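Enquirer: This is the structure I have questions about; it appears just below.
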Amino acid sequence: MLVEEFIPNTPIKKIDAGSVGYTSPSNIALVKYWGKKPHQIPANPSISFTLNHCKTETVLEFSPKNSDDFSFEVYLDGKKASDFRPKIKQFFERILPYASYVKDFHFDIKTSNTFPHSSGIASSASGMSALAMCIVALEELMYSNVDTDFLKRKASFLARLGSGSACRSIEGGLVVWGVHPNIFGSSDLEGMQYPYEVHDVFKTYQDAILLVDKGEKQVSSSVGHNLMHNHPYAQSRFEQAHTHLNQLIPILKSGDMNGFITIVEKEALTLHAMMMSSDPYFILMKPNTLEIINLIWTYRKNTNIPVCFTLDAGANVHVLYPKEYAQKVELFIQHELSVYCQNKQYILDNVGNGAKRIKN
Ligand code: PMV
């Protein structure tokens, strides 16, 4: 499958050695992407909040070369990180039809995360989106007549080829990825900002990430996605995601907290239910994940504060709440939930604006 729109055809300007830098955030899905088709096409549409503080900063140093191969070195926090090489090589191979110029340069990719390394927070979304932004910035230097909106779309398209959910990190606010018949312009190929009215409450939503387990995941996302092939509940799960996204449209407009909470928590538990009913089955939640969920439910019942949780493909819990309740909820987290986190660690984040150029 080739998507002509993203293949550059205008003449190339020769450029010398230089560097470009981008920072790009992580994102947290409200309706989850779990299961994919070839070429990183999602089995169902998803929607996420772009985060603000959990980010990757990447500087791409480039120097022209003549050989017909990929030539790059990766550095994490200033140290050579050879374990990232296979994932980045695969990324370059996948984007080659759309960015053939990646073979014309040697790259030093210098990257760091604002969140603790091996915190169990997936750095693939922020990392791949930051790198994709750097690649299109390089394209911008070489080609004339490219507009910024197109380059952002292309960055999302390329980021998707590196790690599916990374395509939702370029834009800020609420981002949709995957075709939904009732969301105009939605695409399987790239993320786009949610196009309809959004209640103010969702523009400043808070996400406290409770670090329950900072270890390496026992089952990677790619293995998990693959297990949705031949999964006995796959079809109904994909239909459910469509229904949830449809139900979210009026909820996001009106600010209906109960409606929002019900969908978000159902999505989180369904994601893990899919893992627990795969063949082979697996569990990524830990006992403390469940302790925290139960405490959130009790707190919500006792206080009527609209706080809820969601989960990624891991044991960490994302606690979601409106900004007006931040002070109260953060005291609750500090006093009652942090004891269930490794070293009592958690990260306070909120909805952010997407990828940004690093000024040099
Ligand atoms: O982008 P991947 O392949 O790491 O998959 C992400 C899957 C979830 O985080 C579990 C859900 C989502 O939509 O982000």
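To be explicit about the labels: the chains of the structure tokens are called A, B, and onward in the order shown, and within each one the residues are counted from 1, while ligands get numbers from 1 in the order they are shown.
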Hey, which residues come within 7 Å of ligand 1 if we count only C-alpha atoms and all ligand atoms? Could you give them as a list in words?

Expert: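 The residues within 7 Å of ligand 1, counting only C-alpha atoms and all ligand atoms, are Ile28, Ala29, Val31, Lys32, Tyr33, Trp34, Ser46, Ser124, Ala125, Ser163, Gly164, Ser165, Ala166, Ser221, Ser222, Asp312 and Ala313 of chain A.
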
Enquirer: Please provide as a list of chain:residue names all residues within 12 Å of His180 in chain A, with the sequence filter that same-chain residues fewer than 4 positions apart are discarded (counting only C-alpha atoms).

Expert: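 Residues meeting the cut-off are A:Pro42, A:Ala43, A:Asn44, A:Pro45, A:Ser46, A:Ile47, A:Val176, A:Phe184, A:Gly185, A:Ser186, A:Ser187, A:Asp188, A:Tyr194, A:Phe238, A:Glu239, A:Ala241, A:His242, A:Thr243, A:His244, A:Leu245, A:Asn246, A:Gln247, A:Ile249.
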
Enquirer: Output N, CA and C atoms for every residue in that selection, as an mmCIF file, in the first residue's frame.

Expert:
```
data_model
loop_
_atom_site.group_PDB
_atom_site.id
_atom_site.type_symbol
_atom_site.label_atom_id
_atom_site.label_comp_id
_atom_site.auth_asym_id
_atom_site.auth_seq_id
_atom_site.Cartn_x
_atom_site.Cartn_y
_atom_site.Cartn_z
ATOM 1 N N PRO A 42 -5.188 0.683 12.111
ATOM 2 C CA PRO A 42 -5.848 0.241 13.347
ATOM 3 C C PRO A 42 -7.109 -0.565 13.058
ATOM 4 N N ALA A 43 -7.388 -1.554 13.906
ATOM 5 C CA ALA A 43 -8.601 -2.358 13.712
ATOM 6 C C ALA A 43 -9.846 -1.575 14.108
ATOM 7 N N ASN A 44 -9.667 -0.516 14.919
ATOM 8 C CA ASN A 44 -10.809 0.322 15.290
ATOM 9 C C ASN A 44 -10.329 1.743 15.552
ATOM 10 N N PRO A 45 -11.225 2.735 15.461
ATOM 11 C CA PRO A 45 -10.808 4.109 15.739
ATOM 12 C C PRO A 45 -10.571 4.338 17.235
ATOM 13 N N SER A 46 -9.731 5.317 17.557
ATOM 14 C CA SER A 46 -9.426 5.632 18.950
ATOM 15 C C SER A 46 -9.376 7.147 19.130
ATOM 16 N N ILE A 47 -9.433 7.585 20.395
ATOM 17 C CA ILE A 47 -9.312 9.026 20.692
ATOM 18 C C ILE A 47 -8.488 9.176 21.964
ATOM 19 N N VAL A 176 -8.122 12.160 17.260
ATOM 20 C CA VAL A 176 -8.776 10.933 16.775
ATOM 21 C C VAL A 176 -7.872 10.268 15.751
ATOM 22 N N PHE A 184 -16.030 13.483 10.893
ATOM 23 C CA PHE A 184 -15.641 13.941 9.565
ATOM 24 C C PHE A 184 -14.127 14.080 9.451
ATOM 25 N N GLY A 185 -13.561 13.495 8.402
ATOM 26 C CA GLY A 185 -12.119 13.639 8.149
ATOM 27 C C GLY A 185 -11.263 12.607 8.863
ATOM 28 N N SER A 186 -11.863 11.775 9.712
ATOM 29 C CA SER A 186 -11.048 10.799 10.455
ATOM 30 C C SER A 186 -10.406 9.809 9.480
ATOM 31 N N SER A 187 -9.181 9.388 9.809
ATOM 32 C CA SER A 187 -8.406 8.574 8.870
ATOM 33 C C SER A 187 -7.652 7.466 9.597
ATOM 34 N N ASP A 188 -7.497 6.344 8.899
ATOM 35 C CA ASP A 188 -6.687 5.245 9.443
ATOM 36 C C ASP A 188 -5.198 5.552 9.323
ATOM 37 N N TYR A 194 -9.628 16.338 17.170
ATOM 38 C CA TYR A 194 -11.068 16.092 17.211
ATOM 39 C C TYR A 194 -11.784 17.326 16.671
ATOM 40 N N PHE A 238 -14.260 -4.460 18.477
ATOM 41 C CA PHE A 238 -14.079 -3.386 17.500
ATOM 42 C C PHE A 238 -15.380 -2.582 17.345
ATOM 43 N N GLU A 239 -16.513 -3.309 17.355
ATOM 44 C CA GLU A 239 -17.813 -2.611 17.262
ATOM 45 C C GLU A 239 -18.039 -1.727 18.487
ATOM 46 N N ALA A 241 -15.813 -0.224 20.309
ATOM 47 C CA ALA A 241 -15.002 1.000 20.216
ATOM 48 C C ALA A 241 -15.706 2.038 19.343
ATOM 49 N N HIS A 242 -16.301 1.582 18.220
ATOM 50 C CA HIS A 242 -17.063 2.504 17.368
ATOM 51 C C HIS A 242 -18.224 3.130 18.156
ATOM 52 N N THR A 243 -18.949 2.274 18.879
ATOM 53 C CA THR A 243 -20.101 2.760 19.653
ATOM 54 C C THR A 243 -19.638 3.767 20.703
ATOM 55 N N HIS A 244 -18.565 3.439 21.417
ATOM 56 C CA HIS A 244 -18.088 4.349 22.466
ATOM 57 C C HIS A 244 -17.695 5.713 21.901
ATOM 58 N N LEU A 245 -17.027 5.702 20.760
ATOM 59 C CA LEU A 245 -16.598 6.967 20.157
ATOM 60 C C LEU A 245 -17.828 7.791 19.747
ATOM 61 N N ASN A 246 -18.825 7.102 19.228
ATOM 62 C CA ASN A 246 -20.070 7.765 18.857
ATOM 63 C C ASN A 246 -20.749 8.378 20.085
ATOM 64 N N GLN A 247 -20.759 7.605 21.195
ATOM 65 C CA GLN A 247 -21.400 8.106 22.418
ATOM 66 C C GLN A 247 -20.629 9.281 23.005
ATOM 67 N N ILE A 249 -19.301 11.747 21.411
ATOM 68 C CA ILE A 249 -19.488 13.025 20.689
ATOM 69 C C ILE A 249 -20.384 13.987 21.499
#
```

Enquirer: Sorted by chain and rising residue number, list the residues of range 292-318 of chain A at most 12 Å from range 202-205 of chain A (counting only C-alpha atoms), each with its closest atom pair and distance in Å to one decimal, as a Markdown table.

Expert:
```
| residue | atom | partner | partner_atom | distance |
| --- | --- | --- | --- | --- |
| A:Pro306 | CA | A:Tyr205 | CA | 11.4 |
| A:Val307 | CA | A:Tyr205 | CA | 10.6 |
| A:Cys308 | CA | A:Tyr205 | CA | 11.6 |
| A:His318 | CA | A:Tyr205 | CA | 12.0 |
```

Enquirer: Output the selection as a PDB file, in the first residue's frame - all heavy atoms for each residue.

Expert:
```pdb
ATOM      1  N   PRO A 306     -15.900  13.940  40.256  1.00  0.00           N
ATOM      2  CA  PRO A 306     -15.855  13.090  39.047  1.00  0.00           C
ATOM      3  C   PRO A 306     -14.434  12.681  38.665  1.00  0.00           C
ATOM      4  O   PRO A 306     -13.911  13.105  37.642  1.00  0.00           O
ATOM      5  CB  PRO A 306     -16.488  13.966  37.976  1.00  0.00           C
ATOM      6  CG  PRO A 306     -16.238  15.365  38.435  1.00  0.00           C
ATOM      7  CD  PRO A 306     -16.183  15.342  39.932  1.00  0.00           C
ATOM      8  N   VAL A 307     -13.855  11.843  39.474  1.00  0.00           N
ATOM      9  CA  VAL A 307     -12.508  11.347  39.177  1.00  0.00           C
ATOM     10  C   VAL A 307     -12.650   9.911  38.659  1.00  0.00           C
ATOM     11  O   VAL A 307     -13.489   9.165  39.142  1.00  0.00           O
ATOM     12  CB  VAL A 307     -11.608  11.432  40.440  1.00  0.00           C
ATOM     13  CG1 VAL A 307     -12.257  10.802  41.646  1.00  0.00           C
ATOM     14  CG2 VAL A 307     -10.241  10.816  40.207  1.00  0.00           C
ATOM     15  N   CYS A 308     -11.891   9.565  37.648  1.00  0.00           N
ATOM     16  CA  CYS A 308     -11.957   8.193  37.128  1.00  0.00           C
ATOM     17  C   CYS A 308     -10.562   7.728  36.746  1.00  0.00           C
ATOM     18  O   CYS A 308      -9.591   8.470  36.893  1.00  0.00           O
ATOM     19  CB  CYS A 308     -12.920   8.097  35.950  1.00  0.00           C
ATOM     20  SG  CYS A 308     -12.369   8.910  34.446  1.00  0.00           S
ATOM     21  N   HIS A 318      -3.748   5.712  35.240  1.00  0.00           N
ATOM     22  CA  HIS A 318      -3.907   7.136  34.923  1.00  0.00           C
ATOM     23  C   HIS A 318      -5.171   7.607  35.636  1.00  0.00           C
ATOM     24  O   HIS A 318      -6.258   7.100  35.362  1.00  0.00           O
ATOM     25  CB  HIS A 318      -4.066   7.347  33.422  1.00  0.00           C
ATOM     26  CG  HIS A 318      -2.800   7.125  32.649  1.00  0.00           C
ATOM     27  ND1 HIS A 318      -2.132   8.137  32.007  1.00  0.00           N
ATOM     28  CD2 HIS A 318      -2.076   5.996  32.433  1.00  0.00           C
ATOM     29  CE1 HIS A 318      -1.035   7.647  31.422  1.00  0.00           C
ATOM     30  NE2 HIS A 318      -0.995   6.343  31.656  1.00  0.00           N
TER      31      HIS A 318
END
```

Enquirer: For a test of reading the model, state the distance in Å between CA of Gln40 in chain A and CA of Pro195 in chain A, rounded to one decimal.

Expert: 23.0 Å

Enquirer: Could you list, as JSON, numbers by chain, every residue within 10 Å of Phe84 in chain A, counting only C-alpha atoms and ignoring same-chain residues fewer than 6 positions away?

Expert: {"A": [73, 74, 75, 76]}

Enquirer: Could you turn the residues from that selection into a file that holds N, CA and C atoms, as a short mmCIF file (atom, residue, chain, number, x, y, z; two decimals), in the first residue's frame?

Expert:
```
data_model
loop_
_atom_site.label_atom_id
_atom_site.label_comp_id
_atom_site.auth_asym_id
_atom_site.auth_seq_id
_atom_site.Cartn_x
_atom_site.Cartn_y
_atom_site.Cartn_z
N GLU A 73 23.22 6.81 14.56
CA GLU A 73 23.60 6.45 15.92
C GLU A 73 22.54 7.04 16.84
N VAL A 74 22.18 6.32 17.91
CA VAL A 74 21.15 6.84 18.82
C VAL A 74 21.78 7.08 20.19
N TYR A 75 21.46 8.21 20.79
CA TYR A 75 21.95 8.53 22.13
C TYR A 75 20.76 8.84 23.02
N LEU A 76 20.72 8.19 24.20
CA LEU A 76 19.70 8.52 25.20
C LEU A 76 20.42 9.18 26.37
#
```

Enquirer: Restricting the calculation to only C-alpha atoms, which member of A:Gln345, A:Phe105, A:Lys152, A:Ile41 is positioned closest to Val179 in chain A?

Expert: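 Under the stated criterion, the closest residue is A:Ile41.
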
Enquirer: Can you work out which one of A:Pro8, A:Pro280, A:Pro25, A:Pro116 has the shortest atom-to-atom distance to Tyr346 in chain A, counting only C-alpha atoms?

Expert: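 Between A:Pro8, A:Pro280, A:Pro25, A:Pro116, the residue approaching Tyr346 in chain A most closely is A:Pro116.
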
Enquirer: Would you return as a ChimeraX atom specification the members of range 57-241 of chain A that DSSP assigns to strand (DSSP E) on this structure's backbone?

Expert: /A:57-64,71-76,79-80,105-113,174-177,191-193,206-210

Enquirer: Just to be explicit: take each residue in the selection above, keep C-alpha atoms, and write the result as a CSV table (one decimal), in the first residue's frame.

Expert:
```
chain,number,residue,atom,x,y,z
A,57,GLU,CA,13.1,15.8,23.3
A,58,THR,CA,14.9,14.8,20.2
A,59,VAL,CA,17.7,16.6,18.3
A,60,LEU,CA,18.5,15.1,14.9
A,61,GLU,CA,22.0,16.0,13.7
A,62,PHE,CA,22.4,15.3,10.0
A,63,SER,CA,25.4,15.2,7.6
A,64,PRO,CA,25.2,14.4,3.9
A,71,SER,CA,23.6,5.3,8.8
A,72,PHE,CA,22.6,6.5,12.3
A,73,GLU,CA,23.6,6.4,15.9
A,74,VAL,CA,21.2,6.8,18.8
A,75,TYR,CA,22.0,8.5,22.1
A,76,LEU,CA,19.7,8.5,25.2
A,79,LYS,CA,24.9,7.9,26.1
A,80,LYS,CA,24.9,5.6,23.1
A,105,PHE,CA,22.4,11.5,5.5
A,106,HIS,CA,24.2,10.1,8.5
A,107,PHE,CA,22.1,10.9,11.6
A,108,ASP,CA,23.0,11.3,15.2
A,109,ILE,CA,19.7,11.0,17.1
A,110,LYS,CA,20.1,12.6,20.5
A,111,THR,CA,17.1,12.0,22.7
A,112,SER,CA,15.9,12.3,26.3
A,113,ASN,CA,12.6,11.9,28.1
A,174,LEU,CA,-8.2,15.6,21.8
A,175,VAL,CA,-6.9,13.6,18.8
A,176,VAL,CA,-8.8,10.9,16.8
A,177,TRP,CA,-7.1,8.2,14.8
A,191,GLY,CA,-4.2,11.3,13.7
A,192,MET,CA,-6.3,14.5,13.5
A,193,GLN,CA,-7.5,17.0,16.1
A,206,GLN,CA,-5.7,16.5,34.5
A,207,ASP,CA,-4.0,13.1,34.4
A,208,ALA,CA,-2.0,11.8,37.3
A,209,ILE,CA,0.1,8.8,36.3
A,210,LEU,CA,0.5,6.5,39.2
```

Enquirer: Which polymer residues have any atom within 7 Å of an atom of Gly173 in chain A, counting only C-alpha atoms, with same-chain residues fewer than 2 positions away left out, as a ChimeraX atom specification?

Expert: /A:49-50,171,175,203,351-353

Enquirer: With a cut-off of 10 Å, could you pull out the residues of range 279-313 of chain A touching range 333-336 of chain A and give me the nearest pair of atoms for each, distance in Å to one decimal, using only C-alpha atoms, ordered by chain and ascending number, as a tab-separated table?

Expert:
```
residue	atom	partner	partner_atom	distance
A:Ile292	CA	A:Glu336	CA	8.7
A:Leu295	CA	A:Glu336	CA	8.0
A:Ile296	CA	A:Ile333	CA	9.3
A:Tyr299	CA	A:Glu336	CA	9.9
```

Enquirer: How would the residues just picked look written out with all heavy atoms as a tab-separated table (two decimals), in the first residue's frame?

Expert:
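again.tsv was written with the following content:
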```
chain	number	residue	atom	x	y	z
A	292	ILE	N	-5.86	0.47	43.75
A	292	ILE	CA	-6.05	1.88	43.39
A	292	ILE	C	-7.43	2.09	42.75
A	292	ILE	O	-8.16	3.02	43.10
A	292	ILE	CB	-4.92	2.35	42.44
A	292	ILE	CG1	-3.60	2.41	43.22
A	292	ILE	CG2	-5.24	3.69	41.79
A	292	ILE	CD1	-2.36	2.60	42.36
A	295	LEU	N	-10.06	2.11	45.39
A	295	LEU	CA	-10.02	3.34	46.20
A	295	LEU	C	-10.60	4.52	45.43
A	295	LEU	O	-11.26	5.38	46.00
A	295	LEU	CB	-8.58	3.63	46.64
A	295	LEU	CG	-8.10	2.74	47.80
A	295	LEU	CD1	-6.59	2.87	47.99
A	295	LEU	CD2	-8.84	3.10	49.10
A	296	ILE	N	-10.35	4.56	44.12
A	296	ILE	CA	-10.92	5.65	43.30
A	296	ILE	C	-12.45	5.55	43.31
A	296	ILE	O	-13.16	6.54	43.49
A	296	ILE	CB	-10.37	5.60	41.85
A	296	ILE	CG1	-8.89	6.00	41.85
A	296	ILE	CG2	-11.18	6.51	40.91
A	296	ILE	CD1	-8.18	5.82	40.52
A	299	TYR	N	-13.74	6.69	46.72
A	299	TYR	CA	-13.58	8.15	46.85
A	299	TYR	C	-14.65	8.89	46.03
A	299	TYR	O	-15.26	9.83	46.49
A	299	TYR	CB	-12.17	8.54	46.38
A	299	TYR	CG	-11.87	10.01	46.43
A	299	TYR	CD1	-11.52	10.63	47.64
A	299	TYR	CD2	-11.91	10.80	45.28
A	299	TYR	CE1	-11.23	12.00	47.68
A	299	TYR	CE2	-11.62	12.15	45.31
A	299	TYR	CZ	-11.28	12.75	46.51
A	299	TYR	OH	-10.99	14.10	46.54
```

Enquirer: Let's see if you can do this: from backbone DSSP, list all helix (DSSP H, G or I) residues in range 34-253 of chain A, as a count of residues only.

Expert: 92

Enquirer: Check the smallest atom-to-atom distance from each of A:Val339, A:Ala81, A:Ala17, A:Ile12 to Val212 in chain A using only C-alpha atoms, then report the winner.

Expert: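 Ranked by minimum distance to Val212 in chain A, first place goes to A:Val339.
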
Enquirer: So which residues touch Asp279 in chain A within 12 Å, counting only C-alpha atoms, skipping near sequence neighbours fewer than 5 positions away, as a VMD selection string?

Expert: chain A and resid 223 to 233 274

Enquirer: Selected residues, N, CA, C and O atoms, written as an mmCIF file, in the first residue's frame, please.

Expert:
```cif
data_model
loop_
_atom_site.group_PDB
_atom_site.id
_atom_site.type_symbol
_atom_site.label_atom_id
_atom_site.label_comp_id
_atom_site.auth_asym_id
_atom_site.auth_seq_id
_atom_site.Cartn_x
_atom_site.Cartn_y
_atom_site.Cartn_z
ATOM 1 N N VAL A 223 2.998 -7.681 20.460
ATOM 2 C CA VAL A 223 2.500 -9.051 20.643
ATOM 3 C C VAL A 223 1.009 -9.013 21.003
ATOM 4 O O VAL A 223 0.195 -9.759 20.452
ATOM 5 N N GLY A 224 0.649 -8.092 21.890
ATOM 6 C CA GLY A 224 -0.755 -7.955 22.305
ATOM 7 C C GLY A 224 -1.674 -7.634 21.133
ATOM 8 O O GLY A 224 -2.730 -8.256 20.973
ATOM 9 N N HIS A 225 -1.252 -6.688 20.285
ATOM 10 C CA HIS A 225 -2.067 -6.336 19.101
ATOM 11 C C HIS A 225 -2.283 -7.575 18.233
ATOM 12 O O HIS A 225 -3.389 -7.837 17.756
ATOM 13 N N ASN A 226 -1.199 -8.335 18.035
ATOM 14 C CA ASN A 226 -1.289 -9.515 17.170
ATOM 15 C C ASN A 226 -2.240 -10.566 17.708
ATOM 16 O O ASN A 226 -2.869 -11.293 16.935
ATOM 17 N N LEU A 227 -2.342 -10.635 19.021
ATOM 18 C CA LEU A 227 -3.234 -11.637 19.604
ATOM 19 C C LEU A 227 -4.720 -11.302 19.377
ATOM 20 O O LEU A 227 -5.593 -12.111 19.686
ATOM 21 N N MET A 228 -4.996 -10.122 18.832
ATOM 22 C CA MET A 228 -6.383 -9.806 18.493
ATOM 23 C C MET A 228 -6.808 -10.491 17.192
ATOM 24 O O MET A 228 -8.005 -10.575 16.905
ATOM 25 N N HIS A 229 -5.810 -10.997 16.410
ATOM 26 C CA HIS A 229 -6.184 -11.846 15.258
ATOM 27 C C HIS A 229 -6.668 -13.166 15.848
ATOM 28 O O HIS A 229 -6.020 -13.700 16.742
ATOM 29 N N ASN A 230 -7.767 -13.672 15.373
ATOM 30 C CA ASN A 230 -8.357 -14.926 15.884
ATOM 31 C C ASN A 230 -8.818 -14.841 17.340
ATOM 32 O O ASN A 230 -8.996 -15.852 17.994
ATOM 33 N N HIS A 231 -8.949 -13.630 17.859
ATOM 34 C CA HIS A 231 -9.451 -13.495 19.238
ATOM 35 C C HIS A 231 -10.966 -13.702 19.210
ATOM 36 O O HIS A 231 -11.657 -13.115 18.360
ATOM 37 N N PRO A 232 -11.504 -14.531 20.114
ATOM 38 C CA PRO A 232 -12.942 -14.847 20.008
ATOM 39 C C PRO A 232 -13.850 -13.624 20.153
ATOM 40 O O PRO A 232 -14.967 -13.623 19.665
ATOM 41 N N TYR A 233 -13.371 -12.556 20.866
ATOM 42 C CA TYR A 233 -14.242 -11.395 21.089
ATOM 43 C C TYR A 233 -13.850 -10.190 20.231
ATOM 44 O O TYR A 233 -14.339 -9.093 20.448
ATOM 45 N N MET A 274 -9.444 -8.017 27.071
ATOM 46 C CA MET A 274 -8.976 -8.612 25.805
ATOM 47 C C MET A 274 -7.659 -9.356 26.050
ATOM 48 O O MET A 274 -7.442 -10.438 25.516
#
```

Enquirer: What separation in Å, quoted to one decimal, exists between CA of Ala155 in chain A and CA of Ile170 in chain A?

Expert: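 Result for CA of Ala155 in chain A versus CA of Ile170 in chain A: 7.4 Å, one decimal.
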
Enquirer: Using only C-alpha atoms, can you tell me which of A:Val317, A:Ala273, A:Ala159, A:Ile305 comes closest to Ala234 in chain A?

Expert: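 Under the stated criterion, the closest residue is A:Ala273.
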
Enquirer: For Ser126 in chain A, which residue out of A:Ile183, A:Leu269, A:Ala355, A:Cys341 is the nearest one, using only C-alpha atoms?

Expert: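 The shortest atom-to-atom distance to Ser126 in chain A comes from A:Ala355.
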
Enquirer: Just the residues within 9 Å of Gly21 in chain A, please, counting only C-alpha atoms, with nothing from its chain fewer than 2 positions along; format it as a compact mmCIF listing (two decimals) with all heavy atoms, in the first residue's frame.

Expert:
```
# COMPACT_ATOMS: atom_id res chain seq x y z
N SER A 19 21.22 20.60 12.13
CA SER A 19 20.42 19.86 13.10
C SER A 19 19.02 20.47 13.22
O SER A 19 18.84 21.66 12.94
CB SER A 19 21.11 19.84 14.46
OG SER A 19 21.08 21.12 15.02
N THR A 23 10.30 18.61 20.49
CA THR A 23 9.81 17.94 21.68
C THR A 23 8.39 17.47 21.38
O THR A 23 7.62 18.19 20.73
CB THR A 23 9.90 18.86 22.91
OG1 THR A 23 9.01 18.37 23.88
CG2 THR A 23 9.54 20.28 22.61
N GLU A 57 12.41 14.76 24.07
CA GLU A 57 13.08 15.83 23.32
C GLU A 57 14.11 15.16 22.43
O GLU A 57 14.94 14.40 22.92
CB GLU A 57 13.80 16.77 24.28
CG GLU A 57 12.85 17.54 25.16
CD GLU A 57 13.57 18.49 26.12
OE1 GLU A 57 14.81 18.55 26.08
OE2 GLU A 57 12.86 19.13 26.90
N THR A 58 14.03 15.45 21.14
CA THR A 58 14.95 14.81 20.19
C THR A 58 15.62 15.84 19.31
O THR A 58 14.94 16.70 18.72
CB THR A 58 14.19 13.78 19.32
OG1 THR A 58 13.66 12.78 20.19
CG2 THR A 58 15.11 13.11 18.30
N VAL A 59 16.93 15.76 19.23
CA VAL A 59 17.68 16.59 18.28
C VAL A 59 18.25 15.63 17.24
O VAL A 59 18.87 14.61 17.58
CB VAL A 59 18.80 17.38 18.98
CG1 VAL A 59 19.69 18.07 17.95
CG2 VAL A 59 18.19 18.40 19.94
N LEU A 60 17.97 15.94 15.96
CA LEU A 60 18.46 15.12 14.86
C LEU A 60 19.60 15.87 14.19
O LEU A 60 19.38 16.91 13.57
CB LEU A 60 17.32 14.89 13.87
CG LEU A 60 17.60 14.00 12.67
CD1 LEU A 60 17.70 12.54 13.09
CD2 LEU A 60 16.48 14.15 11.63
N GLU A 61 20.82 15.37 14.35
CA GLU A 61 21.96 15.99 13.68
C GLU A 61 22.18 15.23 12.37
O GLU A 61 22.21 13.99 12.38
CB GLU A 61 23.21 15.90 14.56
CG GLU A 61 23.07 16.73 15.83
CD GLU A 61 24.30 16.66 16.75
OE1 GLU A 61 25.25 15.90 16.43
OE2 GLU A 61 24.26 17.34 17.78
N ALA A 130 8.37 12.60 18.07
CA ALA A 130 9.44 13.61 18.04
C ALA A 130 10.37 13.36 16.86
O ALA A 130 10.74 14.29 16.13
CB ALA A 130 10.22 13.59 19.36
N LEU A 131 10.72 12.09 16.64
CA LEU A 131 11.61 11.77 15.52
C LEU A 131 10.94 12.07 14.17
O LEU A 131 11.56 12.63 13.26
CB LEU A 131 12.03 10.29 15.61
CG LEU A 131 13.02 9.79 14.56
CD1 LEU A 131 14.30 10.64 14.52
CD2 LEU A 131 13.40 8.31 14.82
N MET A 133 8.69 14.32 13.59
CA MET A 133 8.70 15.78 13.39
C MET A 133 10.06 16.25 12.88
O MET A 133 10.15 17.12 12.02
CB MET A 133 8.36 16.51 14.70
CG MET A 133 6.90 16.47 15.12
SD MET A 133 5.70 17.16 13.94
CE MET A 133 6.03 18.89 13.97
N CYS A 134 11.14 15.65 13.43
CA CYS A 134 12.50 16.03 12.97
C CYS A 134 12.68 15.66 11.50
O CYS A 134 13.25 16.43 10.73
CB CYS A 134 13.56 15.31 13.80
SG CYS A 134 13.68 15.90 15.49
N ALA A 137 10.90 18.08 9.35
CA ALA A 137 11.60 19.38 9.40
C ALA A 137 12.78 19.37 8.43
O ALA A 137 13.07 20.37 7.77
CB ALA A 137 12.07 19.67 10.82
N LYS A 356 6.40 20.44 19.55
CA LYS A 356 6.91 21.82 19.42
C LYS A 356 8.37 21.79 18.97
O LYS A 356 9.12 20.91 19.40
CB LYS A 356 6.91 22.53 20.78
CG LYS A 356 5.57 22.92 21.31
CD LYS A 356 5.28 24.38 21.02
CE LYS A 356 3.81 24.73 21.00
NZ LYS A 356 2.82 23.71 20.83
N ARG A 357 8.74 22.78 18.18
CA ARG A 357 10.14 22.88 17.76
C ARG A 357 11.00 23.31 18.95
O ARG A 357 10.59 24.15 19.75
CB ARG A 357 10.22 23.93 16.65
CG ARG A 357 11.55 23.93 16.00
CD ARG A 357 11.52 24.60 14.64
NE ARG A 357 12.63 24.05 13.88
CZ ARG A 357 12.61 23.81 12.60
NH1 ARG A 357 11.55 24.02 11.90
NH2 ARG A 357 13.68 23.32 12.01
N ILE A 358 12.18 22.74 19.06
CA ILE A 358 13.13 23.19 20.09
C ILE A 358 13.96 24.30 19.45
O ILE A 358 14.54 24.13 18.38
CB ILE A 358 14.07 22.05 20.55
CG1 ILE A 358 13.26 20.89 21.14
CG2 ILE A 358 15.10 22.57 21.54
CD1 ILE A 358 14.11 19.64 21.44
N LYS A 359 13.95 25.44 20.12
CA LYS A 359 14.70 26.59 19.56
C LYS A 359 16.19 26.41 19.88
O LYS A 359 16.53 26.01 20.98
CB LYS A 359 14.22 27.88 20.19
CG LYS A 359 12.76 28.17 19.91
CD LYS A 359 12.53 29.62 19.55
CE LYS A 359 11.20 29.87 18.89
NZ LYS A 359 10.07 29.14 19.36
N ASN A 360 17.05 26.67 18.86
CA ASN A 360 18.48 26.57 19.20
C ASN A 360 19.18 27.91 19.02
O ASN A 360 18.61 28.89 18.63
CB ASN A 360 19.18 25.47 18.40
CG ASN A 360 18.74 25.43 16.95
OD1 ASN A 360 18.03 26.33 16.52
ND2 ASN A 360 19.16 24.45 16.20
```

Enquirer: Just the residues within 12 Å of Phe6 in chain A, please, counting only C-alpha atoms, with nothing from its chain fewer than 4 positions along; format it as a PyMOL selection string.

Expert: chain A and resi 2+10+95-100+136+139+146+150-158+189-190

Enquirer: CA of Glu197 in chain A and CA of Pro322 in chain A are how many Å apart?

Expert: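 These atoms are spaced 17.4 Å apart.
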